[in-house]
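Listing of model.cif, mmCIF, C-alpha atoms
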```
data_input
loop_
_atom_site.group_PDB
_atom_site.id
_atom_site.type_symbol
_atom_site.label_atom_id
_atom_site.label_comp_id
_atom_site.auth_asym_id
_atom_site.auth_seq_id
_atom_site.Cartn_x
_atom_site.Cartn_y
_atom_site.Cartn_z
ATOM 1 C CA MET A 214 -2.727 26.052 -38.317
ATOM 2 C CA VAL A 215 -1.055 22.745 -39.225
ATOM 3 C CA ILE A 216 1.962 23.657 -37.079
ATOM 4 C CA LEU A 217 -0.309 24.514 -34.138
ATOM 5 C CA LEU A 218 -2.117 21.185 -34.470
ATOM 6 C CA LEU A 219 1.214 19.398 -34.691
ATOM 7 C CA ILE A 220 2.506 21.094 -31.513
ATOM 8 C CA ALA A 221 -0.752 20.271 -29.703
ATOM 9 C CA GLY A 222 -0.510 16.656 -30.903
ATOM 10 C CA ILE A 223 3.069 16.294 -29.684
ATOM 11 C CA TYR A 224 2.123 17.807 -26.303
ATOM 12 C CA ILE A 225 -0.856 15.451 -25.854
ATOM 13 C CA TYR A 226 1.220 12.429 -26.890
ATOM 14 C CA LYS A 227 4.027 13.345 -24.471
ATOM 15 C CA GLU A 228 1.664 14.104 -21.597
ATOM 16 C CA TYR A 229 -0.289 10.854 -22.150
ATOM 17 C CA ASN A 230 2.884 8.749 -22.117
ATOM 18 C CA ARG A 231 4.616 10.657 -19.291
ATOM 19 C CA THR A 232 6.037 8.391 -16.587
ATOM 20 C CA THR A 233 6.348 9.294 -12.909
ATOM 21 C CA ALA A 234 9.314 11.622 -12.426
ATOM 22 C CA ASP A 235 12.530 10.243 -10.948
ATOM 23 C CA VAL A 236 12.597 11.506 -7.346
ATOM 24 C CA LYS A 237 16.343 12.139 -7.595
ATOM 25 C CA LYS A 238 15.644 14.951 -10.043
ATOM 26 C CA LEU A 239 12.989 16.624 -7.859
ATOM 27 C CA GLU A 240 13.278 19.132 -5.032
ATOM 28 C CA PRO A 241 11.666 17.779 -1.847
ATOM 29 C CA LYS A 242 8.713 19.775 -0.578
ATOM 30 C CA PHE A 243 9.533 18.895 3.049
ATOM 31 C CA THR A 244 12.809 17.969 4.736
ATOM 32 C CA THR A 245 12.550 16.192 8.068
ATOM 33 C CA ASP A 246 13.836 13.291 10.155
ATOM 34 C CA ALA A 247 12.171 9.928 10.718
ATOM 35 C CA VAL A 248 11.432 10.337 14.440
ATOM 36 C CA THR A 249 9.853 13.794 13.977
ATOM 37 C CA LEU A 250 7.767 12.594 11.020
ATOM 38 C CA ILE A 251 6.333 9.639 12.953
ATOM 39 C CA LYS A 252 5.672 11.850 15.982
ATOM 40 C CA GLU A 253 3.715 14.326 13.839
ATOM 41 C CA PHE A 254 1.297 11.569 12.778
ATOM 42 C CA GLU A 255 1.084 9.990 16.228
ATOM 43 C CA GLN A 256 0.192 13.352 17.770
ATOM 44 C CA SER A 257 -2.435 14.354 15.201
ATOM 45 C CA GLU A 258 -3.045 12.189 12.168
ATOM 46 C CA THR A 259 -5.546 14.695 10.746
ATOM 47 C CA GLU A 260 -3.167 17.653 11.000
ATOM 48 C CA ALA A 261 -0.207 15.736 9.592
ATOM 49 C CA GLN A 262 -2.308 14.292 6.771
ATOM 50 C CA LYS A 263 -3.394 17.829 5.878
ATOM 51 C CA LYS A 264 0.194 19.096 5.943
ATOM 52 C CA TYR A 265 1.439 16.414 3.551
ATOM 53 C CA SER A 266 -1.638 16.302 1.295
ATOM 54 C CA GLY A 267 -1.449 16.826 -2.444
ATOM 55 C CA LEU A 268 -0.216 15.023 -5.510
ATOM 56 C CA ASN A 269 3.344 13.725 -5.816
ATOM 57 C CA ILE A 270 4.621 15.230 -2.543
ATOM 58 C CA VAL A 271 8.331 14.488 -2.207
ATOM 59 C CA LEU A 272 9.783 14.171 1.302
ATOM 60 C CA SER A 273 13.424 14.067 2.296
ATOM 61 C CA VAL A 274 13.783 11.973 5.448
ATOM 62 C CA LYS A 275 16.957 11.436 7.464
ATOM 63 C CA GLY A 276 17.086 8.610 9.939
ATOM 64 C CA TYR A 277 18.698 5.645 11.603
ATOM 65 C CA LEU A 278 18.478 2.547 9.393
ATOM 66 C CA LYS A 279 16.667 -0.039 11.536
ATOM 67 C CA GLY A 280 16.546 -2.651 8.820
ATOM 68 C CA ILE A 281 16.236 -3.534 5.152
ATOM 69 C CA GLU A 282 13.424 -5.755 3.891
ATOM 70 C CA MET A 283 13.682 -7.648 0.643
ATOM 71 C CA GLU A 284 10.661 -9.310 -0.897
ATOM 72 C CA SER A 285 10.620 -10.448 -4.521
ATOM 73 C CA ASN A 286 12.893 -7.651 -5.799
ATOM 74 C CA ASN A 287 11.249 -5.005 -3.617
ATOM 75 C CA TYR A 288 13.615 -3.267 -1.243
ATOM 76 C CA THR A 289 12.237 -1.357 1.712
ATOM 77 C CA LEU A 290 14.404 0.718 4.048
ATOM 78 C CA LEU A 291 13.128 1.009 7.617
ATOM 79 C CA LEU A 292 14.010 4.286 9.323
ATOM 80 C CA GLY A 293 13.338 5.327 12.898
ATOM 81 C CA ASP A 294 14.071 4.830 16.538
ATOM 82 C CA THR A 295 14.981 1.244 17.524
ATOM 83 C CA THR A 296 13.124 1.613 20.826
ATOM 84 C CA SER A 297 9.837 2.216 18.969
ATOM 85 C CA MET A 298 7.878 -0.206 16.772
ATOM 86 C CA SER A 299 6.811 2.704 14.545
ATOM 87 C CA THR A 300 8.789 3.170 11.358
ATOM 88 C CA VAL A 301 9.199 5.255 8.230
ATOM 89 C CA ARG A 302 9.058 2.631 5.475
ATOM 90 C CA CYS A 303 10.788 3.687 2.258
ATOM 91 C CA ARG A 304 10.114 1.417 -0.756
ATOM 92 C CA MET A 305 13.024 1.850 -3.128
ATOM 93 C CA ASP A 306 12.543 2.870 -6.747
ATOM 94 C CA SER A 307 13.378 -0.255 -8.794
ATOM 95 C CA THR A 308 15.831 1.727 -10.936
ATOM 96 C CA HIS A 309 17.731 2.891 -7.833
ATOM 97 C CA VAL A 310 17.951 -0.410 -5.934
ATOM 98 C CA SER A 311 21.715 -0.619 -6.572
ATOM 99 C CA GLU A 312 22.119 2.312 -4.133
ATOM 100 C CA THR A 313 21.298 -0.088 -1.282
ATOM 101 C CA LYS A 314 24.469 -2.088 -2.020
ATOM 102 C CA GLY A 315 26.816 -2.042 0.951
ATOM 103 C CA LEU A 316 24.210 -0.345 3.113
ATOM 104 C CA ASN A 317 24.332 -1.572 6.701
ATOM 105 C CA LYS A 318 21.845 -1.614 9.506
ATOM 106 C CA GLY A 319 22.763 1.183 11.889
ATOM 107 C CA SER A 320 23.792 3.626 9.151
ATOM 108 C CA ILE A 321 22.388 7.134 9.043
ATOM 109 C CA VAL A 322 20.685 7.643 5.689
ATOM 110 C CA THR A 323 18.809 10.395 3.929
ATOM 111 C CA VAL A 324 16.097 9.091 1.649
ATOM 112 C CA ASN A 325 13.890 11.050 -0.748
ATOM 113 C CA GLY A 326 10.584 9.578 -1.857
ATOM 114 C CA TYR A 327 6.929 10.217 -2.655
ATOM 115 C CA PHE A 328 4.721 10.435 0.435
ATOM 116 C CA ASN A 329 2.085 7.660 0.433
ATOM 117 C CA GLY A 330 0.455 8.152 3.814
ATOM 118 C CA TYR A 331 0.258 6.834 7.350
ATOM 119 C CA LYS A 332 -0.985 3.518 8.705
ATOM 120 C CA ALA A 333 -1.853 3.690 12.382
ATOM 121 C CA ASP A 334 -1.390 0.355 14.117
ATOM 122 C CA ASP A 335 -4.826 -0.803 15.199
ATOM 123 C CA THR A 336 -3.576 -4.239 16.241
ATOM 124 C CA GLY A 337 -1.133 -3.031 18.900
ATOM 125 C CA MET A 338 1.407 -5.561 17.630
ATOM 126 C CA LEU A 339 3.054 -4.121 14.527
ATOM 127 C CA GLY A 340 3.784 -0.431 15.116
ATOM 128 C CA SER A 341 2.522 2.448 12.992
ATOM 129 C CA ASP A 342 4.100 3.345 9.661
ATOM 130 C CA VAL A 343 4.651 6.389 7.501
ATOM 131 C CA GLU A 344 5.131 5.106 3.951
ATOM 132 C CA LEU A 345 7.125 6.503 1.037
ATOM 133 C CA ASN A 346 7.581 4.922 -2.392
ATOM 134 C CA ARG A 347 9.854 5.293 -5.445
ATOM 135 C CA CYS A 348 12.608 6.163 -2.964
ATOM 136 C CA VAL A 349 16.213 7.094 -3.706
ATOM 137 C CA ILE A 350 19.157 7.376 -1.323
ATOM 138 C CA MET A 351 20.579 10.887 -1.178
ATOM 139 C CA ASP A 352 23.179 10.375 1.531
ATOM 140 C CA LYS A 353 24.508 7.557 3.686
ATOM 141 C CA LYS A 354 27.095 7.334 6.390
ATOM 142 C CA GLU A 355 28.123 4.691 8.877
ATOM 143 C CA ASN A 356 27.064 5.413 12.417
ATOM 144 C CA ASN A 357 30.168 5.120 14.557
ATOM 145 C CA LEU A 358 28.464 5.985 17.834
ATOM 146 C CA MET B 297 -24.090 -0.628 9.486
ATOM 147 C CA LYS B 298 -24.491 -1.941 13.057
ATOM 148 C CA ARG B 299 -23.169 -5.350 11.937
ATOM 149 C CA ILE B 300 -20.095 -3.730 10.385
ATOM 150 C CA VAL B 301 -19.329 -1.721 13.546
ATOM 151 C CA VAL B 302 -19.711 -4.871 15.669
ATOM 152 C CA LEU B 303 -17.441 -6.835 13.317
ATOM 153 C CA ILE B 304 -14.744 -4.126 13.322
ATOM 154 C CA LEU B 305 -14.859 -3.792 17.125
ATOM 155 C CA THR B 306 -14.665 -7.570 17.493
ATOM 156 C CA LEU B 307 -11.650 -7.730 15.175
ATOM 157 C CA LEU B 308 -9.896 -4.815 16.895
ATOM 158 C CA GLY B 309 -10.549 -6.345 20.287
ATOM 159 C CA TYR B 310 -9.419 -9.735 19.125
ATOM 160 C CA PHE B 311 -6.156 -8.605 17.568
ATOM 161 C CA SER B 312 -5.160 -6.855 20.780
ATOM 162 C CA LYS B 313 -5.467 -10.127 22.667
ATOM 163 C CA VAL B 314 -4.227 -12.800 20.268
ATOM 164 C CA ASP B 315 -1.211 -14.907 20.999
ATOM 165 C CA ALA B 316 1.840 -13.876 18.956
ATOM 166 C CA GLN B 317 2.703 -17.494 18.134
ATOM 167 C CA ASP B 318 -0.485 -17.743 16.056
ATOM 168 C CA THR B 319 -0.073 -14.354 14.393
ATOM 169 C CA PHE B 320 1.434 -14.019 10.936
ATOM 170 C CA TYR B 321 1.990 -10.754 9.098
ATOM 171 C CA THR B 322 3.628 -8.840 6.284
ATOM 172 C CA LYS B 323 4.029 -5.170 5.500
ATOM 173 C CA GLY B 324 5.258 -5.864 1.986
ATOM 174 C CA GLY B 325 2.316 -7.705 0.448
ATOM 175 C CA LYS B 326 1.060 -7.044 -3.076
ATOM 176 C CA ILE B 327 -2.340 -5.933 -4.316
ATOM 177 C CA SER B 328 -2.848 -5.230 -8.000
ATOM 178 C CA PHE B 329 -5.870 -4.145 -9.935
ATOM 179 C CA TYR B 330 -6.697 -4.498 -13.571
ATOM 180 C CA SER B 331 -9.413 -2.958 -15.649
ATOM 181 C CA LYS B 332 -10.042 -3.588 -19.299
ATOM 182 C CA SER B 333 -11.103 -0.531 -21.218
ATOM 183 C CA LYS B 334 -11.899 0.215 -24.847
ATOM 184 C CA VAL B 335 -9.047 2.694 -25.106
ATOM 185 C CA GLU B 336 -6.399 1.095 -22.906
ATOM 186 C CA ASP B 337 -6.090 -1.444 -20.101
ATOM 187 C CA ILE B 338 -5.513 0.056 -16.675
ATOM 188 C CA GLU B 339 -3.189 -1.688 -14.279
ATOM 189 C CA ALA B 340 -1.489 -0.727 -11.012
ATOM 190 C CA THR B 341 0.317 -2.463 -8.158
ATOM 191 C CA ASN B 342 0.895 -1.627 -4.524
ATOM 192 C CA SER B 343 3.775 -3.532 -2.883
ATOM 193 C CA GLY B 344 3.347 -2.093 0.602
ATOM 194 C CA VAL B 345 0.278 -3.991 1.752
ATOM 195 C CA THR B 346 -0.014 -4.759 5.453
ATOM 196 C CA CYS B 347 -1.717 -8.071 6.202
ATOM 197 C CA VAL B 348 -2.176 -9.675 9.622
ATOM 198 C CA MET B 349 -3.657 -13.103 10.161
ATOM 199 C CA ASP B 350 -4.380 -15.187 13.210
ATOM 200 C CA LYS B 351 -4.117 -18.812 12.073
ATOM 201 C CA LYS B 352 -6.042 -20.114 15.078
ATOM 202 C CA SER B 353 -9.236 -18.168 14.401
ATOM 203 C CA GLY B 354 -8.749 -17.369 10.712
ATOM 204 C CA LEU B 355 -9.208 -13.654 11.372
ATOM 205 C CA ILE B 356 -7.467 -11.662 8.667
ATOM 206 C CA GLN B 357 -7.062 -7.988 7.885
ATOM 207 C CA PHE B 358 -5.422 -5.977 5.124
ATOM 208 C CA SER B 359 -4.632 -2.299 4.820
ATOM 209 C CA VAL B 360 -3.297 -0.398 1.844
ATOM 210 C CA LEU B 361 -2.479 3.258 1.145
ATOM 211 C CA MET B 362 -4.083 4.457 -2.093
ATOM 212 C CA LYS B 363 -1.151 6.726 -3.027
ATOM 213 C CA GLY B 364 1.100 3.656 -2.972
ATOM 214 C CA PHE B 365 -0.418 2.225 -6.172
ATOM 215 C CA GLU B 366 2.165 2.509 -8.921
ATOM 216 C CA PHE B 367 1.013 2.969 -12.518
ATOM 217 C CA GLU B 368 3.142 2.857 -15.622
ATOM 218 C CA LYS B 369 1.788 6.221 -16.740
ATOM 219 C CA ALA B 370 1.924 9.246 -14.429
ATOM 220 C CA LEU B 371 -1.238 10.815 -15.845
ATOM 221 C CA MET B 372 -3.277 7.688 -15.021
ATOM 222 C CA GLN B 373 -1.866 7.652 -11.497
ATOM 223 C CA GLU B 374 -2.748 11.316 -11.006
ATOM 224 C CA HIS B 375 -6.315 10.821 -12.282
ATOM 225 C CA PHE B 376 -6.693 7.745 -10.062
ATOM 226 C CA ASN B 377 -5.659 9.681 -6.935
ATOM 227 C CA GLU B 378 -7.401 12.965 -7.688
ATOM 228 C CA ASN B 379 -10.568 12.112 -9.599
ATOM 229 C CA TYR B 380 -11.438 8.531 -8.751
ATOM 230 C CA VAL B 381 -10.398 7.390 -5.258
ATOM 231 C CA GLU B 382 -9.731 10.908 -3.848
ATOM 232 C CA SER B 383 -6.633 9.750 -1.960
ATOM 233 C CA ASP B 384 -6.247 12.863 0.196
ATOM 234 C CA LYS B 385 -9.804 12.458 1.498
ATOM 235 C CA TYR B 386 -9.719 8.649 1.742
ATOM 236 C CA PRO B 387 -6.016 7.719 2.088
ATOM 237 C CA LYS B 388 -6.447 4.112 3.172
ATOM 238 C CA SER B 389 -8.461 1.052 2.153
ATOM 239 C CA THR B 390 -8.958 -1.905 4.440
ATOM 240 C CA PHE B 391 -10.395 -5.394 4.520
ATOM 241 C CA LYS B 392 -11.316 -7.013 7.815
ATOM 242 C CA GLY B 393 -12.694 -10.504 7.781
ATOM 243 C CA GLN B 394 -12.310 -14.170 8.416
ATOM 244 C CA VAL B 395 -11.329 -17.380 6.660
ATOM 245 C CA THR B 396 -14.658 -19.153 7.074
ATOM 246 C CA ASN B 397 -13.300 -22.645 6.363
ATOM 247 C CA ASN B 398 -10.251 -22.186 8.612
ATOM 248 C CA SER B 399 -10.746 -25.590 10.257
ATOM 249 C CA GLU B 400 -10.109 -27.264 6.873
ATOM 250 C CA ILE B 401 -6.600 -25.743 6.640
ATOM 251 C CA ASN B 402 -3.776 -27.666 8.260
ATOM 252 C CA TYR B 403 -1.251 -24.957 9.073
ATOM 253 C CA SER B 404 1.320 -27.498 10.235
ATOM 254 C CA VAL B 405 1.504 -29.343 6.890
ATOM 255 C CA ASP B 406 2.972 -27.684 3.792
ATOM 256 C CA GLY B 407 0.491 -27.525 0.937
ATOM 257 C CA SER B 408 -2.049 -25.426 -0.913
ATOM 258 C CA TYR B 409 -5.541 -25.179 0.563
ATOM 259 C CA PRO B 410 -8.689 -23.602 -0.901
ATOM 260 C CA ALA B 411 -9.847 -20.764 1.347
ATOM 261 C CA LYS B 412 -13.188 -19.003 1.678
ATOM 262 C CA VAL B 413 -12.948 -15.459 2.988
ATOM 263 C CA LYS B 414 -15.753 -13.186 4.142
ATOM 264 C CA GLY B 415 -15.556 -9.683 5.553
ATOM 265 C CA SER B 416 -15.875 -5.932 5.128
ATOM 266 C CA LEU B 417 -14.081 -4.093 2.363
ATOM 267 C CA PHE B 418 -13.624 -0.363 2.961
ATOM 268 C CA ILE B 419 -12.762 1.790 -0.053
ATOM 269 C CA HIS B 420 -13.430 5.484 -0.747
ATOM 270 C CA GLY B 421 -15.329 5.921 2.523
ATOM 271 C CA GLU B 422 -17.755 3.080 1.730
ATOM 272 C CA THR B 423 -17.934 -0.342 3.367
ATOM 273 C CA LYS B 424 -19.355 -3.418 1.643
ATOM 274 C CA GLU B 425 -19.583 -7.033 2.704
ATOM 275 C CA VAL B 426 -17.594 -9.225 0.327
ATOM 276 C CA GLU B 427 -17.088 -12.954 0.014
ATOM 277 C CA THR B 428 -14.497 -14.603 -2.172
ATOM 278 C CA ASN B 429 -12.503 -17.769 -2.735
ATOM 279 C CA GLY B 430 -8.749 -17.840 -2.648
ATOM 280 C CA THR B 431 -5.894 -20.086 -1.640
ATOM 281 C CA ILE B 432 -3.772 -20.355 1.465
ATOM 282 C CA GLU B 433 -0.444 -21.999 0.883
ATOM 283 C CA ILE B 434 1.741 -23.201 3.726
ATOM 284 C CA LYS B 435 5.412 -23.285 2.795
ATOM 285 C CA ASN B 436 8.496 -23.445 5.030
ATOM 286 C CA GLY B 437 6.747 -21.868 7.994
ATOM 287 C CA LYS B 438 5.218 -19.080 5.933
ATOM 288 C CA ILE B 439 1.605 -18.481 4.894
ATOM 289 C CA LEU B 440 0.979 -17.377 1.305
ATOM 290 C CA VAL B 441 -2.406 -15.713 0.873
ATOM 291 C CA LYS B 442 -3.724 -15.432 -2.670
ATOM 292 C CA ALA B 443 -7.089 -14.227 -3.968
ATOM 293 C CA GLU B 444 -8.650 -12.676 -7.034
ATOM 294 C CA PHE B 445 -12.058 -11.026 -7.074
ATOM 295 C CA PRO B 446 -14.004 -8.308 -8.892
ATOM 296 C CA VAL B 447 -15.001 -4.983 -7.359
ATOM 297 C CA LEU B 448 -17.671 -2.694 -8.768
ATOM 298 C CA LEU B 449 -16.618 0.957 -8.661
ATOM 299 C CA SER B 450 -20.258 2.000 -8.251
ATOM 300 C CA ASP B 451 -20.477 -0.025 -4.994
ATOM 301 C CA TYR B 452 -17.874 2.312 -3.494
ATOM 302 C CA LYS B 453 -19.296 5.505 -5.028
ATOM 303 C CA ILE B 454 -16.261 5.931 -7.274
ATOM 304 C CA SER B 455 -17.684 7.876 -10.162
ATOM 305 C CA ILE B 456 -16.287 7.785 -13.659
ATOM 306 C CA PRO B 457 -16.290 11.206 -15.375
ATOM 307 C CA SER B 458 -18.919 11.264 -18.153
ATOM 308 C CA VAL B 459 -16.286 12.063 -20.839
ATOM 309 C CA VAL B 460 -14.632 8.662 -20.360
ATOM 310 C CA LYS B 461 -17.653 6.701 -19.062
ATOM 311 C CA GLU B 462 -18.114 4.879 -22.355
ATOM 312 C CA ASN B 463 -14.518 3.696 -22.351
ATOM 313 C CA LEU B 464 -14.015 2.573 -18.768
ATOM 314 C CA SER B 465 -15.398 -0.528 -17.137
ATOM 315 C CA ASN B 466 -17.284 -0.269 -13.855
ATOM 316 C CA SER B 467 -15.735 -3.559 -12.774
ATOM 317 C CA ILE B 468 -12.089 -3.920 -11.787
ATOM 318 C CA ARG B 469 -10.236 -7.118 -10.958
ATOM 319 C CA ILE B 470 -8.301 -7.179 -7.679
ATOM 320 C CA THR B 471 -5.409 -9.605 -7.166
ATOM 321 C CA VAL B 472 -3.996 -10.221 -3.687
ATOM 322 C CA ASN B 473 -0.636 -11.880 -3.096
ATOM 323 C CA CYS B 474 0.855 -11.754 0.403
ATOM 324 C CA THR B 475 3.562 -13.855 2.058
ATOM 325 C CA LEU B 476 3.074 -13.801 5.822
ATOM 326 C CA GLU B 477 5.754 -14.546 8.387
ATOM 327 C CA LEU B 478 5.377 -15.453 12.022
ATOM 328 C CA LEU B 479 5.217 -12.375 14.236
ATOM 329 C CA LYS B 480 8.107 -12.634 16.664
ATOM 330 C CA SER B 481 7.204 -11.254 20.054
#
```
Take the structure in this file and express it as structure tokens.
Amino acid sequence: MVILLLIAGIYIYKEYNRTTADVKKLEPKFTTDAVTLIKEFEQSETEAQKKYSGLNIVLSVKGYLKGIEMESNNYTLLLGDTTSMSTVRCRMDSTHVSETKGLNKGSIVTVNGYFNGYKADDTGMLGSDVELNRCVIMDKKENNL
Amino acid sequence: MKRIVVLILTLLGYFSKVDAQDTFYTKGGKISFYSKSKVEDIEATNSGVTCVMDKKSGLIQFSVLMKGFEFEKALMQEHFNENYVESDKYPKSTFKGQVTNNSEINYSVDGSYPAKVKGSLFIHGETKEVETNGTIEIKNGKILVKAEFPVLLSDYKISIPSVVKENLSNSIRITVNCTLELLKS
């Protein structure tokens, strides 16, 4: 009985103090590219929202690196088509920020991250965004085209 | 309800016509919330806040994805998304309003100015009129928007499960911190 209580206690303690899993160690639920992902939401936000619903959904997104934003230690990679204002915004996991070192605009990168959702642009000035957080870089190569 | 619809339509209409040289924005603003509880304090931050402001009129709007709030503990984050704000059903929260004392802010002179903001806060499918004080700081061509205000969970029909009702506060403190840059057309 004491052993059972001890096991239960350890489980509860561990579960209570569990931190969000490192995306690098998780299998993505969906693998796609930035342009397709944005298009899915632009065509039917309801359908796309339904497809990617659930807790801790990890996406693997490949795309053209349009830019890197840095704001008070937050790094965000912007993936998508340069002719469109819409973007897949990937906020880097703070423990994986070093992976952005040497990364250049114009590279082709594959980023894994937790799906946050979609923000349709209702101002007509900013472009719509699909957002991911706690992102890690899985692959990067210079675009020589 | 009619007033809210009119306000939203006015804001949407306005932002499609404003001059880019008066428009400032960020997509990397910060909103945090903090709640003191008997068992443990609850805190989370979202660093992907979109904020757009027209300095001429003082119109301002924020939008934030609920799943983008990062908690220290995974279990808290999961309960927040599943049981409290129901993120799959209500993925986004918004604020659309106006700086009511906009004429008192000199956007061409660096400095910190007290700001009064009034508008509609949409969370968990519910919209409420809110009014709060904050500061607008002008620094090197950027606009820093800061505010802190309480939100009652019951106002937005966010119910606390009875098991933890005794331990959780109905009031949470929201902190807004956004640095806006000029929108280049």
Identify all residues satisfying the PyMOL selection byres ((chain A) within 10 of (chain B)) in the given file; provide them as a PDB file with C-alpha atoms, in the coordinates of the input.
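Final file, part-v5.pdb:
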```pdb
ATOM      1  CA  GLU A 228       1.664  14.104 -21.597  1.00  0.00           C
ATOM      2  CA  TYR A 229      -0.289  10.854 -22.150  1.00  0.00           C
ATOM      3  CA  ASN A 230       2.884   8.749 -22.117  1.00  0.00           C
ATOM      4  CA  ARG A 231       4.616  10.657 -19.291  1.00  0.00           C
ATOM      5  CA  THR A 232       6.037   8.391 -16.587  1.00  0.00           C
ATOM      6  CA  THR A 233       6.348   9.294 -12.909  1.00  0.00           C
ATOM      7  CA  ALA A 234       9.314  11.622 -12.426  1.00  0.00           C
ATOM      8  CA  GLN A 262      -2.308  14.292   6.771  1.00  0.00           C
ATOM      9  CA  LYS A 263      -3.394  17.829   5.878  1.00  0.00           C
ATOM     10  CA  TYR A 265       1.439  16.414   3.551  1.00  0.00           C
ATOM     11  CA  SER A 266      -1.638  16.302   1.295  1.00  0.00           C
ATOM     12  CA  GLY A 267      -1.449  16.826  -2.444  1.00  0.00           C
ATOM     13  CA  LEU A 268      -0.216  15.023  -5.510  1.00  0.00           C
ATOM     14  CA  ASN A 269       3.344  13.725  -5.816  1.00  0.00           C
ATOM     15  CA  GLU A 282      13.424  -5.755   3.891  1.00  0.00           C
ATOM     16  CA  MET A 283      13.682  -7.648   0.643  1.00  0.00           C
ATOM     17  CA  GLU A 284      10.661  -9.310  -0.897  1.00  0.00           C
ATOM     18  CA  SER A 285      10.620 -10.448  -4.521  1.00  0.00           C
ATOM     19  CA  ASN A 287      11.249  -5.005  -3.617  1.00  0.00           C
ATOM     20  CA  TYR A 288      13.615  -3.267  -1.243  1.00  0.00           C
ATOM     21  CA  THR A 289      12.237  -1.357   1.712  1.00  0.00           C
ATOM     22  CA  ARG A 302       9.058   2.631   5.475  1.00  0.00           C
ATOM     23  CA  CYS A 303      10.788   3.687   2.258  1.00  0.00           C
ATOM     24  CA  ARG A 304      10.114   1.417  -0.756  1.00  0.00           C
ATOM     25  CA  TYR A 327       6.929  10.217  -2.655  1.00  0.00           C
ATOM     26  CA  PHE A 328       4.721  10.435   0.435  1.00  0.00           C
ATOM     27  CA  ASN A 329       2.085   7.660   0.433  1.00  0.00           C
ATOM     28  CA  GLY A 330       0.455   8.152   3.814  1.00  0.00           C
ATOM     29  CA  TYR A 331       0.258   6.834   7.350  1.00  0.00           C
ATOM     30  CA  LYS A 332      -0.985   3.518   8.705  1.00  0.00           C
ATOM     31  CA  ASP A 335      -4.826  -0.803  15.199  1.00  0.00           C
ATOM     32  CA  THR A 336      -3.576  -4.239  16.241  1.00  0.00           C
ATOM     33  CA  GLY A 337      -1.133  -3.031  18.900  1.00  0.00           C
ATOM     34  CA  MET A 338       1.407  -5.561  17.630  1.00  0.00           C
ATOM     35  CA  LEU A 339       3.054  -4.121  14.527  1.00  0.00           C
ATOM     36  CA  ASP A 342       4.100   3.345   9.661  1.00  0.00           C
ATOM     37  CA  GLU A 344       5.131   5.106   3.951  1.00  0.00           C
ATOM     38  CA  LEU A 345       7.125   6.503   1.037  1.00  0.00           C
ATOM     39  CA  ASN A 346       7.581   4.922  -2.392  1.00  0.00           C
ATOM     40  CA  ARG A 347       9.854   5.293  -5.445  1.00  0.00           C
TER      41      ARG A 347
END
```
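Nearest to Glu253 in chain A of all the residues A:Lys318, A:Lys237, A:Tyr226, A:Val301 is A:Val301, based on all atoms listed in the file.
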Using the chain letters and numbering of this document, enumerate as a ChimeraX atom specification the residues selected by the PyMOL selection byres ((chain A and resi 291) around 6).
/A:278-280,290,292,301-302
Could you tell me which residues the PyMOL selection byres ((chain B and resi 329) around 9) grabs in this file, written as an mmCIF file with C-alpha atoms, in the frame of the given file?
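Saved the output as out32.cif:
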```cif
data_model
loop_
_atom_site.group_PDB
_atom_site.id
_atom_site.type_symbol
_atom_site.label_atom_id
_atom_site.label_comp_id
_atom_site.auth_asym_id
_atom_site.auth_seq_id
_atom_site.Cartn_x
_atom_site.Cartn_y
_atom_site.Cartn_z
ATOM 1 C CA ILE B 327 -2.340 -5.933 -4.316
ATOM 2 C CA SER B 328 -2.848 -5.230 -8.000
ATOM 3 C CA TYR B 330 -6.697 -4.498 -13.571
ATOM 4 C CA SER B 331 -9.413 -2.958 -15.649
ATOM 5 C CA ILE B 338 -5.513 0.056 -16.675
ATOM 6 C CA GLU B 339 -3.189 -1.688 -14.279
ATOM 7 C CA ALA B 340 -1.489 -0.727 -11.012
ATOM 8 C CA THR B 341 0.317 -2.463 -8.158
ATOM 9 C CA ILE B 468 -12.089 -3.920 -11.787
ATOM 10 C CA ARG B 469 -10.236 -7.118 -10.958
ATOM 11 C CA ILE B 470 -8.301 -7.179 -7.679
ATOM 12 C CA THR B 471 -5.409 -9.605 -7.166
ATOM 13 C CA VAL B 472 -3.996 -10.221 -3.687
#
```
Which residues are near Cys474 in chain B? Cut-off 7 Å, only C-alpha atoms, ignore same chain within fewer than 6 positions. Put them as a list in words.
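Counting only the stated atoms, we get Gly325, Lys326, Leu440, Val441 and Lys442 of chain B.
Computed from the coordinates, the CA of Ser408 in chain B to CA of Phe358 in chain B distance equals 20.6 Å.
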So, counting all atoms listed in the file, which residue among B:Lys352, B:Lys412, B:His420, B:His375 is closest to Val460 in chain B?
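The answer is B:His375, which sits nearest to Val460 in chain B.
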Could you pull the residues within 12 Å of Pro457 in chain B, counting all atoms listed in the file, minus those fewer than 3 positions along the same chain, as a list in words?
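Listed by chain and then number, they are His375, Phe376, Glu378, Asn379, Tyr380, Ile454, Val460, Lys461, Glu462, Asn463, Leu464, Ser465 and Asn466 of chain B.
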Distance query Asp235 in chain A at most 12 Å, all atoms listed in the file, self and fewer than 5 positions along chain excluded, as an MDAnalysis selection string
(chainID A and resid 240:241 269 271 305:309 325:327 346:349) or (chainID B and resid 370)
